[in-house]
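So this one's model_10.tsv, TSV, N, CA and C atoms:
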```tsv
chain	number	residue	atom	x	y	z
A	1	LEU	N	0.84	-1.19	0.00
A	1	LEU	CA	0.00	0.00	0.00
A	1	LEU	C	0.88	1.24	0.00
A	2	VAL	N	0.66	2.12	-0.95
A	2	VAL	CA	1.43	3.35	-1.04
A	2	VAL	C	0.73	4.43	-0.23
A	3	GLN	N	1.50	5.11	0.56
A	3	GLN	CA	0.98	6.26	1.30
A	3	GLN	C	1.84	7.47	1.02
A	4	LEU	N	1.18	8.58	0.75
A	4	LEU	CA	1.84	9.86	0.55
A	4	LEU	C	1.31	10.82	1.60
A	5	VAL	N	2.20	11.38	2.39
A	5	VAL	CA	1.78	12.26	3.48
A	5	VAL	C	2.45	13.61	3.32
A	6	GLU	N	1.62	14.63	3.06
A	6	GLU	CA	2.14	15.99	2.91
A	6	GLU	C	2.25	16.68	4.26
A	7	SER	N	3.18	17.61	4.33
A	7	SER	CA	3.30	18.47	5.50
A	7	SER	C	3.94	19.78	5.07
A	8	GLY	N	3.86	20.76	5.96
A	8	GLY	CA	4.53	22.02	5.71
A	8	GLY	C	3.64	23.16	5.32
A	9	GLY	N	2.36	22.89	5.13
A	9	GLY	CA	1.46	23.99	4.80
A	9	GLY	C	1.27	24.92	5.97
A	10	GLY	N	0.61	26.03	5.71
A	10	GLY	CA	0.35	26.99	6.77
A	10	GLY	C	-0.04	28.32	6.20
A	11	SER	N	0.07	29.34	7.04
A	11	SER	CA	-0.30	30.69	6.64
A	11	SER	C	0.93	31.57	6.57
A	12	VAL	N	0.97	32.40	5.54
A	12	VAL	CA	2.12	33.27	5.33
A	12	VAL	C	1.64	34.53	4.62
A	13	GLN	N	2.37	35.60	4.80
A	13	GLN	CA	2.04	36.83	4.09
A	13	GLN	C	2.60	36.79	2.68
A	14	ALA	N	1.98	37.54	1.81
A	14	ALA	CA	2.45	37.64	0.43
A	14	ALA	C	3.91	38.05	0.41
A	15	GLY	N	4.66	37.40	-0.46
A	15	GLY	CA	6.10	37.65	-0.53
A	15	GLY	C	6.92	36.68	0.30
A	16	GLY	N	6.25	35.94	1.15
A	16	GLY	CA	6.94	34.99	2.01
A	16	GLY	C	7.19	33.65	1.33
A	17	SER	N	7.71	32.71	2.12
A	17	SER	CA	8.08	31.39	1.61
A	17	SER	C	7.53	30.29	2.49
A	18	LEU	N	7.28	29.16	1.87
A	18	LEU	CA	6.91	27.94	2.57
A	18	LEU	C	7.57	26.77	1.86
A	19	SER	N	7.81	25.71	2.61
A	19	SER	CA	8.37	24.50	2.02
A	19	SER	C	7.46	23.33	2.36
A	20	LEU	N	6.98	22.65	1.35
A	20	LEU	CA	6.12	21.49	1.53
A	20	LEU	C	6.94	20.21	1.38
A	21	SER	N	6.55	19.19	2.12
A	21	SER	CA	7.18	17.88	2.02
A	21	SER	C	6.11	16.83	1.77
A	22	CYS	N	6.52	15.77	1.08
A	22	CYS	CA	5.63	14.65	0.81
A	22	CYS	C	6.42	13.37	1.06
A	23	ALA	N	6.13	12.72	2.16
A	23	ALA	CA	6.84	11.50	2.53
A	23	ALA	C	6.11	10.29	1.97
A	24	ALA	N	6.84	9.46	1.24
A	24	ALA	CA	6.26	8.27	0.63
A	24	ALA	C	6.60	7.04	1.45
A	25	SER	N	5.65	6.15	1.57
A	25	SER	CA	5.90	4.89	2.27
A	25	SER	C	5.15	3.78	1.56
A	26	GLY	N	5.59	2.56	1.81
A	26	GLY	CA	4.95	1.41	1.20
A	26	GLY	C	5.66	0.93	-0.04
A	27	VAL	N	5.86	1.83	-0.97
A	27	VAL	CA	6.56	1.53	-2.22
A	27	VAL	C	7.42	2.74	-2.54
A	28	ASN	N	8.59	2.49	-3.10
A	28	ASN	CA	9.46	3.60	-3.49
A	28	ASN	C	8.87	4.31	-4.70
A	29	THR	N	8.32	5.46	-4.48
A	29	THR	CA	7.71	6.21	-5.58
A	29	THR	C	8.62	7.29	-6.14
A	30	VAL	N	9.69	7.61	-5.43
A	30	VAL	CA	10.47	8.78	-5.85
A	30	VAL	C	11.25	8.53	-7.13
A	31	GLY	N	11.36	7.29	-7.55
A	31	GLY	CA	11.99	6.99	-8.83
A	31	GLY	C	11.02	7.04	-9.99
A	32	ARG	N	9.78	7.37	-9.71
A	32	ARG	CA	8.73	7.45	-10.74
A	32	ARG	C	8.29	8.90	-10.89
A	33	CYS	N	7.30	9.09	-11.71
A	33	CYS	CA	6.73	10.43	-11.84
A	33	CYS	C	6.05	10.83	-10.54
A	34	MET	N	6.42	12.00	-10.05
A	34	MET	CA	5.77	12.56	-8.87
A	34	MET	C	5.55	14.04	-9.11
A	35	GLY	N	4.57	14.57	-8.41
A	35	GLY	CA	4.31	15.98	-8.63
A	35	GLY	C	3.44	16.61	-7.56
A	36	TRP	N	3.31	17.92	-7.68
A	36	TRP	CA	2.47	18.70	-6.79
A	36	TRP	C	1.32	19.30	-7.58
A	37	PHE	N	0.15	19.20	-7.00
A	37	PHE	CA	-1.06	19.78	-7.56
A	37	PHE	C	-1.67	20.69	-6.51
A	38	ARG	N	-2.54	21.58	-6.95
A	38	ARG	CA	-3.26	22.42	-5.99
A	38	ARG	C	-4.67	22.66	-6.48
A	39	GLN	N	-5.54	22.91	-5.53
A	39	GLN	CA	-6.92	23.23	-5.86
A	39	GLN	C	-7.41	24.32	-4.93
A	40	ALA	N	-7.80	25.42	-5.53
A	40	ALA	CA	-8.37	26.54	-4.79
A	40	ALA	C	-9.89	26.40	-4.79
A	41	PRO	N	-10.57	26.99	-3.82
A	41	PRO	CA	-12.03	26.89	-3.77
A	41	PRO	C	-12.67	27.39	-5.05
A	42	GLY	N	-13.55	26.58	-5.61
A	42	GLY	CA	-14.26	26.97	-6.81
A	42	GLY	C	-13.47	26.81	-8.09
A	43	LYS	N	-12.26	26.28	-7.99
A	43	LYS	CA	-11.42	26.10	-9.17
A	43	LYS	C	-11.07	24.63	-9.36
A	44	GLU	N	-10.68	24.29	-10.57
A	44	GLU	CA	-10.25	22.93	-10.85
A	44	GLU	C	-8.85	22.69	-10.30
A	45	ARG	N	-8.59	21.44	-10.02
A	45	ARG	CA	-7.25	21.08	-9.59
A	45	ARG	C	-6.26	21.26	-10.73
A	46	GLU	N	-5.09	21.79	-10.43
A	46	GLU	CA	-4.08	22.02	-11.46
A	46	GLU	C	-2.74	21.45	-11.01
A	47	GLY	N	-2.04	20.89	-11.97
A	47	GLY	CA	-0.68	20.44	-11.72
A	47	GLY	C	0.25	21.63	-11.79
A	48	ILE	N	1.09	21.81	-10.80
A	48	ILE	CA	1.96	22.98	-10.77
A	48	ILE	C	3.44	22.64	-10.88
A	49	ALA	N	3.84	21.46	-10.46
A	49	ALA	CA	5.25	21.09	-10.53
A	49	ALA	C	5.35	19.58	-10.59
A	50	VAL	N	6.10	19.10	-11.57
A	50	VAL	CA	6.22	17.66	-11.80
A	50	VAL	C	7.70	17.30	-12.00
A	51	MET	N	8.09	16.16	-11.43
A	51	MET	CA	9.44	15.65	-11.64
A	51	MET	C	9.32	14.19	-12.06
A	52	ASP	N	10.00	13.84	-13.16
A	52	ASP	CA	9.88	12.46	-13.63
A	52	ASP	C	11.00	11.60	-13.05
A	53	GLY	N	11.07	10.36	-13.51
A	53	GLY	CA	12.03	9.41	-12.96
A	53	GLY	C	13.47	9.73	-13.26
A	54	SER	N	13.70	10.63	-14.20
A	54	SER	CA	15.07	11.05	-14.49
A	54	SER	C	15.35	12.43	-13.92
A	55	ASP	N	14.47	12.89	-13.07
A	55	ASP	CA	14.59	14.17	-12.38
A	55	ASP	C	14.39	15.38	-13.30
A	56	SER	N	13.81	15.17	-14.45
A	56	SER	CA	13.42	16.30	-15.29
A	56	SER	C	12.17	16.93	-14.70
A	57	THR	N	12.10	18.24	-14.79
A	57	THR	CA	10.99	18.96	-14.14
A	57	THR	C	10.22	19.82	-15.14
A	58	THR	N	8.95	20.00	-14.84
A	58	THR	CA	8.13	20.98	-15.54
A	58	THR	C	7.32	21.74	-14.50
A	59	TYR	N	7.00	22.98	-14.83
A	59	TYR	CA	6.25	23.84	-13.94
A	59	TYR	C	5.12	24.52	-14.70
A	60	ALA	N	4.07	24.78	-13.98
A	60	ALA	CA	3.01	25.62	-14.54
A	60	ALA	C	3.55	27.04	-14.64
A	61	ASP	N	3.06	27.77	-15.64
A	61	ASP	CA	3.51	29.15	-15.83
A	61	ASP	C	3.25	30.00	-14.59
A	62	SER	N	2.21	29.69	-13.87
A	62	SER	CA	1.82	30.50	-12.72
A	62	SER	C	2.83	30.42	-11.57
A	63	VAL	N	3.67	29.38	-11.56
A	63	VAL	CA	4.62	29.24	-10.45
A	63	VAL	C	6.07	29.22	-10.92
A	64	LYS	N	6.27	29.23	-12.23
A	64	LYS	CA	7.62	29.14	-12.77
A	64	LYS	C	8.49	30.29	-12.25
A	65	GLY	N	9.68	29.94	-11.81
A	65	GLY	CA	10.59	30.95	-11.28
A	65	GLY	C	10.41	31.24	-9.80
A	66	ARG	N	9.31	30.74	-9.22
A	66	ARG	CA	9.06	30.98	-7.80
A	66	ARG	C	9.06	29.67	-7.00
A	67	PHE	N	8.62	28.59	-7.61
A	67	PHE	CA	8.53	27.30	-6.92
A	67	PHE	C	9.60	26.36	-7.47
A	68	THR	N	10.10	25.48	-6.60
A	68	THR	CA	11.09	24.49	-7.00
A	68	THR	C	10.73	23.13	-6.44
A	69	ILE	N	10.64	22.15	-7.31
A	69	ILE	CA	10.36	20.77	-6.89
A	69	ILE	C	11.66	20.00	-6.80
A	70	SER	N	11.76	19.13	-5.81
A	70	SER	CA	12.97	18.33	-5.64
A	70	SER	C	12.62	17.03	-4.93
A	71	LYS	N	13.55	16.09	-4.99
A	71	LYS	CA	13.37	14.79	-4.35
A	71	LYS	C	14.57	14.47	-3.49
A	72	ASP	N	14.34	13.73	-2.43
A	72	ASP	CA	15.42	13.14	-1.64
A	72	ASP	C	15.22	11.63	-1.71
A	73	TYR	N	16.07	10.98	-2.49
A	73	TYR	CA	15.89	9.54	-2.71
A	73	TYR	C	16.13	8.75	-1.43
A	74	ALA	N	17.03	9.21	-0.61
A	74	ALA	CA	17.33	8.49	0.63
A	74	ALA	C	16.15	8.55	1.60
A	75	LYS	N	15.48	9.70	1.62
A	75	LYS	CA	14.37	9.89	2.55
A	75	LYS	C	13.02	9.56	1.91
A	76	LEU	N	13.04	9.20	0.62
A	76	LEU	CA	11.78	8.91	-0.10
A	76	LEU	C	10.80	10.06	0.06
A	77	THR	N	11.29	11.24	-0.15
A	77	THR	CA	10.48	12.44	0.08
A	77	THR	C	10.55	13.38	-1.11
A	78	LEU	N	9.41	13.94	-1.43
A	78	LEU	CA	9.29	14.96	-2.47
A	78	LEU	C	9.09	16.31	-1.79
A	79	TYR	N	9.70	17.34	-2.32
A	79	TYR	CA	9.60	18.67	-1.72
A	79	TYR	C	9.06	19.68	-2.73
A	80	LEU	N	8.52	20.76	-2.20
A	80	LEU	CA	8.16	21.90	-3.01
A	80	LEU	C	8.54	23.15	-2.24
A	81	GLN	N	9.55	23.84	-2.71
A	81	GLN	CA	9.96	25.11	-2.12
A	81	GLN	C	9.20	26.22	-2.82
A	82	MET	N	8.47	26.99	-2.04
A	82	MET	CA	7.63	28.04	-2.60
A	82	MET	C	8.12	29.39	-2.10
A	83	ASN	N	8.59	30.21	-3.01
A	83	ASN	CA	9.09	31.54	-2.69
A	83	ASN	C	8.20	32.60	-3.34
A	84	SER	N	8.32	33.82	-2.87
A	84	SER	CA	7.56	34.95	-3.43
A	84	SER	C	6.09	34.61	-3.55
A	85	LEU	N	5.54	34.09	-2.49
A	85	LEU	CA	4.15	33.64	-2.53
A	85	LEU	C	3.19	34.79	-2.77
A	86	LYS	N	2.12	34.49	-3.49
A	86	LYS	CA	1.11	35.46	-3.83
A	86	LYS	C	-0.22	35.02	-3.22
A	87	VAL	N	-1.13	35.96	-3.07
A	87	VAL	CA	-2.45	35.64	-2.53
A	87	VAL	C	-3.11	34.54	-3.37
A	88	GLU	N	-2.90	34.61	-4.68
A	88	GLU	CA	-3.53	33.62	-5.57
A	88	GLU	C	-2.92	32.23	-5.46
A	89	ASP	N	-1.86	32.07	-4.66
A	89	ASP	CA	-1.32	30.74	-4.41
A	89	ASP	C	-2.09	30.00	-3.31
A	90	THR	N	-3.01	30.69	-2.68
A	90	THR	CA	-3.83	30.06	-1.63
A	90	THR	C	-4.62	28.89	-2.21
A	91	ALA	N	-4.44	27.71	-1.63
A	91	ALA	CA	-5.09	26.50	-2.13
A	91	ALA	C	-4.74	25.33	-1.23
A	92	MET	N	-5.41	24.21	-1.50
A	92	MET	CA	-5.00	22.94	-0.91
A	92	MET	C	-3.98	22.33	-1.85
A	93	TYR	N	-2.85	21.93	-1.31
A	93	TYR	CA	-1.77	21.38	-2.12
A	93	TYR	C	-1.69	19.88	-1.90
A	94	TYR	N	-1.59	19.15	-3.02
A	94	TYR	CA	-1.56	17.69	-2.99
A	94	TYR	C	-0.30	17.16	-3.65
A	95	CYS	N	0.21	16.11	-3.09
A	95	CYS	CA	1.31	15.36	-3.67
A	95	CYS	C	0.72	14.15	-4.38
A	96	ALA	N	1.31	13.77	-5.51
A	96	ALA	CA	0.81	12.62	-6.25
A	96	ALA	C	1.96	11.86	-6.86
A	97	ALA	N	1.75	10.57	-7.07
A	97	ALA	CA	2.75	9.71	-7.66
A	97	ALA	C	2.10	8.72	-8.61
A	98	ASP	N	2.84	8.32	-9.61
A	98	ASP	CA	2.34	7.36	-10.59
A	98	ASP	C	3.36	6.25	-10.77
A	99	LEU	N	3.03	5.08	-10.24
A	99	LEU	CA	3.96	3.96	-10.31
A	99	LEU	C	4.14	3.42	-11.72
A	100	SER	N	3.24	3.76	-12.61
A	100	SER	CA	3.31	3.22	-13.97
A	100	SER	C	4.15	4.07	-14.91
A	101	ARG	N	4.63	5.22	-14.41
A	101	ARG	CA	5.36	6.14	-15.30
A	101	ARG	C	6.72	6.51	-14.76
A	102	LEU	N	7.71	6.35	-15.62
A	102	LEU	CA	9.03	6.87	-15.33
A	102	LEU	C	9.22	8.24	-15.96
A	103	ARG	N	8.63	8.42	-17.13
A	103	ARG	CA	8.75	9.67	-17.85
A	103	ARG	C	7.41	10.00	-18.52
A	104	GLY	N	7.39	11.08	-19.26
A	104	GLY	CA	6.17	11.44	-19.97
A	104	GLY	C	5.12	12.04	-19.07
A	105	CYS	N	5.54	12.65	-17.98
A	105	CYS	CA	4.61	13.31	-17.08
A	105	CYS	C	4.95	14.80	-17.05
A	106	TYR	N	3.97	15.61	-17.35
A	106	TYR	CA	4.19	17.05	-17.43
A	106	TYR	C	3.02	17.78	-16.81
A	107	THR	N	3.29	18.98	-16.30
A	107	THR	CA	2.19	19.78	-15.79
A	107	THR	C	1.22	20.07	-16.93
A	108	GLY	N	-0.04	20.03	-16.62
A	108	GLY	CA	-1.06	20.32	-17.61
A	108	GLY	C	-1.59	19.11	-18.33
A	109	SER	N	-0.81	18.03	-18.37
A	109	SER	CA	-1.26	16.85	-19.11
A	109	SER	C	-1.23	15.58	-18.30
A	110	TRP	N	-0.69	15.60	-17.10
A	110	TRP	CA	-0.55	14.39	-16.30
A	110	TRP	C	-1.33	14.51	-15.00
A	111	SER	N	-2.13	13.50	-14.74
A	111	SER	CA	-2.87	13.43	-13.49
A	111	SER	C	-2.98	11.96	-13.14
A	112	PRO	N	-2.29	11.52	-12.11
A	112	PRO	CA	-2.28	10.09	-11.77
A	112	PRO	C	-3.67	9.53	-11.50
A	113	ARG	N	-3.89	8.34	-12.02
A	113	ARG	CA	-5.17	7.66	-11.83
A	113	ARG	C	-4.94	6.29	-11.26
A	114	PRO	N	-5.92	5.79	-10.49
A	114	PRO	CA	-5.80	4.41	-9.99
A	114	PRO	C	-5.75	3.42	-11.14
A	115	PRO	N	-5.17	2.25	-10.96
A	115	PRO	CA	-4.61	1.76	-9.71
A	115	PRO	C	-3.16	2.14	-9.46
A	116	ALA	N	-2.49	2.68	-10.49
A	116	ALA	CA	-1.07	3.00	-10.30
A	116	ALA	C	-0.84	4.39	-9.75
A	117	GLY	N	-1.88	5.21	-9.72
A	117	GLY	CA	-1.75	6.58	-9.24
A	117	GLY	C	-2.17	6.71	-7.80
A	118	PHE	N	-1.43	7.53	-7.05
A	118	PHE	CA	-1.70	7.71	-5.63
A	118	PHE	C	-1.64	9.19	-5.28
A	119	TRP	N	-2.44	9.57	-4.30
A	119	TRP	CA	-2.53	10.96	-3.87
A	119	TRP	C	-2.40	11.05	-2.36
A	120	GLY	N	-1.83	12.16	-1.91
A	120	GLY	CA	-1.83	12.45	-0.49
A	120	GLY	C	-3.12	13.10	-0.06
A	121	GLN	N	-3.22	13.39	1.21
A	121	GLN	CA	-4.47	13.94	1.75
A	121	GLN	C	-4.54	15.46	1.59
A	122	GLY	N	-3.43	16.07	1.28
A	122	GLY	CA	-3.40	17.51	1.05
A	122	GLY	C	-2.93	18.29	2.26
A	123	THR	N	-2.38	19.46	1.98
A	123	THR	CA	-1.98	20.39	3.04
A	123	THR	C	-2.36	21.80	2.58
A	124	GLN	N	-2.94	22.56	3.48
A	124	GLN	CA	-3.49	23.87	3.13
A	124	GLN	C	-2.42	24.95	3.19
A	125	VAL	N	-2.42	25.78	2.17
A	125	VAL	CA	-1.54	26.95	2.12
A	125	VAL	C	-2.41	28.19	2.00
A	126	ASN	N	-2.24	29.11	2.91
A	126	ASN	CA	-2.99	30.37	2.90
A	126	ASN	C	-1.99	31.52	2.82
A	127	VAL	N	-2.18	32.35	1.82
A	127	VAL	CA	-1.32	33.52	1.63
A	127	VAL	C	-2.17	34.77	1.76
A	128	SER	N	-1.80	35.63	2.68
A	128	SER	CA	-2.58	36.84	2.93
A	128	SER	C	-1.82	38.07	2.42
A	129	SER	N	-2.59	39.10	2.12
A	129	SER	CA	-1.97	40.33	1.60
A	129	SER	C	-1.50	41.23	2.72
```
Could you show the structure in this file as structure tokens?
Amino acid sequence: LVQLVESGGGSVQAGGSLSLSCAASGVNTVGRCMGWFRQAPGKEREGIAVMDGSDSTTYADSVKGRFTISKDYAKLTLYLQMNSLKVEDTAMYYCAADLSRLRGCYTGSWSPRPPAGFWGQGTQVNVSS
């Protein structure tokens, strides 16, 4: 059973920084496609940062240059460093993994689905002006 557990969300003022973590257990997912998604109230879920099995990354235009995705293979953990946060970054942030994919996962076109896709429970990020 794969479990993804996010942490690190919270409240911050615009311009500030937060770092999210996603700890994987059960199966080593960090060698596969993994990514961060977010969903704001009343909006569709969007992929914002994705890293494939070769550590290639893609970012949504809305976060490019401000957010950085990374992995720690030893800790089986995915990270998202978020800098220069904006009010519009307020959302629930989710970590996801796809055991069936090593590559070919990009923001905007990839969304893990069962049975090979797994999601965390989410962590809330609130950015105030």
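Between Asn83 in chain A and the residues A:Lys43, A:Asp98, A:Gly16, A:Ser25, the shortest atom-to-atom distance, using all atoms listed in the file, involves A:Gly16.
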Can you list, as a list in words, every protein, DNA or RNA residue that comes within 8 Å of Ser100 in chain A when you count all atoms listed in the file, leaving out same-chain residues fewer than 4 positions away? Arg32, Cys33, Pro115, Ala116 and Gly117 of chain A
Can those selected residues be exported to a file as a short mmCIF file (atom, residue, chain, number, x, y, z; two decimals), in the frame of the given file so that it contains N, CA and C atoms?
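Heads up, here's the output in result-v1.cif:
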```cif
data_model
loop_
_atom_site.label_atom_id
_atom_site.label_comp_id
_atom_site.auth_asym_id
_atom_site.auth_seq_id
_atom_site.Cartn_x
_atom_site.Cartn_y
_atom_site.Cartn_z
N ARG A 32 9.78 7.37 -9.71
CA ARG A 32 8.73 7.45 -10.74
C ARG A 32 8.29 8.90 -10.89
N CYS A 33 7.30 9.09 -11.71
CA CYS A 33 6.73 10.43 -11.84
C CYS A 33 6.05 10.83 -10.54
N PRO A 115 -5.17 2.25 -10.96
CA PRO A 115 -4.61 1.76 -9.71
C PRO A 115 -3.16 2.14 -9.46
N ALA A 116 -2.49 2.68 -10.49
CA ALA A 116 -1.07 3.00 -10.30
C ALA A 116 -0.84 4.39 -9.75
N GLY A 117 -1.88 5.21 -9.72
CA GLY A 117 -1.75 6.58 -9.24
C GLY A 117 -2.17 6.71 -7.80
#
```
Would you be able to write out as a PyMOL selection string which residues have an atom within 5 Å of (-0.9, 34.4, -1.0) in the file's coordinates, counting only N, CA and C atoms? chain A and resi 14+85-90+126-128
So that I can see what lies close to Tyr93 in chain A, please list as a PyMOL selection string the residues with an atom at most 9 Å from it, counting only C-alpha atoms and leaving out residues fewer than 2 positions away in the same chain. chain A and resi 6+9+20+36-40+90-91+95+121-125
Export of prior selection with N, CA and C atoms as a PDB file, in the frame of the given file:
```pdb
ATOM      1  N   GLU A   6       1.620  14.630   3.060  1.00  0.00           N
ATOM      2  CA  GLU A   6       2.140  15.990   2.910  1.00  0.00           C
ATOM      3  C   GLU A   6       2.250  16.680   4.260  1.00  0.00           C
ATOM      4  N   GLY A   9       2.360  22.890   5.130  1.00  0.00           N
ATOM      5  CA  GLY A   9       1.460  23.990   4.800  1.00  0.00           C
ATOM      6  C   GLY A   9       1.270  24.920   5.970  1.00  0.00           C
ATOM      7  N   LEU A  20       6.980  22.650   1.350  1.00  0.00           N
ATOM      8  CA  LEU A  20       6.120  21.490   1.530  1.00  0.00           C
ATOM      9  C   LEU A  20       6.940  20.210   1.380  1.00  0.00           C
ATOM     10  N   TRP A  36       3.310  17.920  -7.680  1.00  0.00           N
ATOM     11  CA  TRP A  36       2.470  18.700  -6.790  1.00  0.00           C
ATOM     12  C   TRP A  36       1.320  19.300  -7.580  1.00  0.00           C
ATOM     13  N   PHE A  37       0.150  19.200  -7.000  1.00  0.00           N
ATOM     14  CA  PHE A  37      -1.060  19.780  -7.560  1.00  0.00           C
ATOM     15  C   PHE A  37      -1.670  20.690  -6.510  1.00  0.00           C
ATOM     16  N   ARG A  38      -2.540  21.580  -6.950  1.00  0.00           N
ATOM     17  CA  ARG A  38      -3.260  22.420  -5.990  1.00  0.00           C
ATOM     18  C   ARG A  38      -4.670  22.660  -6.480  1.00  0.00           C
ATOM     19  N   GLN A  39      -5.540  22.910  -5.530  1.00  0.00           N
ATOM     20  CA  GLN A  39      -6.920  23.230  -5.860  1.00  0.00           C
ATOM     21  C   GLN A  39      -7.410  24.320  -4.930  1.00  0.00           C
ATOM     22  N   ALA A  40      -7.800  25.420  -5.530  1.00  0.00           N
ATOM     23  CA  ALA A  40      -8.370  26.540  -4.790  1.00  0.00           C
ATOM     24  C   ALA A  40      -9.890  26.400  -4.790  1.00  0.00           C
ATOM     25  N   THR A  90      -3.010  30.690  -2.680  1.00  0.00           N
ATOM     26  CA  THR A  90      -3.830  30.060  -1.630  1.00  0.00           C
ATOM     27  C   THR A  90      -4.620  28.890  -2.210  1.00  0.00           C
ATOM     28  N   ALA A  91      -4.440  27.710  -1.630  1.00  0.00           N
ATOM     29  CA  ALA A  91      -5.090  26.500  -2.130  1.00  0.00           C
ATOM     30  C   ALA A  91      -4.740  25.330  -1.230  1.00  0.00           C
ATOM     31  N   CYS A  95       0.210  16.110  -3.090  1.00  0.00           N
ATOM     32  CA  CYS A  95       1.310  15.360  -3.670  1.00  0.00           C
ATOM     33  C   CYS A  95       0.720  14.150  -4.380  1.00  0.00           C
ATOM     34  N   GLN A 121      -3.220  13.390   1.210  1.00  0.00           N
ATOM     35  CA  GLN A 121      -4.470  13.940   1.750  1.00  0.00           C
ATOM     36  C   GLN A 121      -4.540  15.460   1.590  1.00  0.00           C
ATOM     37  N   GLY A 122      -3.430  16.070   1.280  1.00  0.00           N
ATOM     38  CA  GLY A 122      -3.400  17.510   1.050  1.00  0.00           C
ATOM     39  C   GLY A 122      -2.930  18.290   2.260  1.00  0.00           C
ATOM     40  N   THR A 123      -2.380  19.460   1.980  1.00  0.00           N
ATOM     41  CA  THR A 123      -1.980  20.390   3.040  1.00  0.00           C
ATOM     42  C   THR A 123      -2.360  21.800   2.580  1.00  0.00           C
ATOM     43  N   GLN A 124      -2.940  22.560   3.480  1.00  0.00           N
ATOM     44  CA  GLN A 124      -3.490  23.870   3.130  1.00  0.00           C
ATOM     45  C   GLN A 124      -2.420  24.950   3.190  1.00  0.00           C
ATOM     46  N   VAL A 125      -2.420  25.780   2.170  1.00  0.00           N
ATOM     47  CA  VAL A 125      -1.540  26.950   2.120  1.00  0.00           C
ATOM     48  C   VAL A 125      -2.410  28.190   2.000  1.00  0.00           C
TER      49      VAL A 125
END
```
Which parts of chain A does DSSP call strand (DSSP E) when run on the backbone here, written out as a PyMOL selection string? chain A and resi 3-7+10-13+18-25+33-39+46-51+57-59+67-72+77-82+91-98+117-119+123-128
For CA of Ser84 in chain A and CA of Phe118 in chain A, the interatomic separation in Å (one decimal):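 Taking CA of Ser84 in chain A as the start and CA of Phe118 in chain A as the end point, the length is 28.9 Å.
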To one decimal place in Å, what is the distance between atom C of Gln81 in chain A and atom N of Ser56 in chain A?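 Between atom C of Gln81 in chain A and atom N of Ser56 in chain A the gap is 16.7 Å.
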Please identify all polymer residues within 10 Å of Gly104 in chain A, counting only C-alpha atoms, omitting same-chain residues fewer than 3 positions from it, and present them as a list in words.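 Counting only the stated atoms, we get Cys33, Met51, Asp52, Gly53, Ser56, Arg101, Ser109 and Trp110 of chain A.
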Range 113-122 of chain A: axis-aligned bounding box, 4 Å on each side, centre and edge lengths in Å, one decimal, as lines of an AutoDock Vina configuration file:
```
center_x = -3.4
center_y = 10.0
center_z = -4.9
size_x = 13.1
size_y = 24.5
size_z = 22.3
```
Given the choices A:Tyr79, A:Tyr94, A:Tyr59, A:Tyr106, which gets closest to Ala23 in chain A if the distance is worked out from only C-alpha atoms?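 Closest candidate: A:Tyr79.
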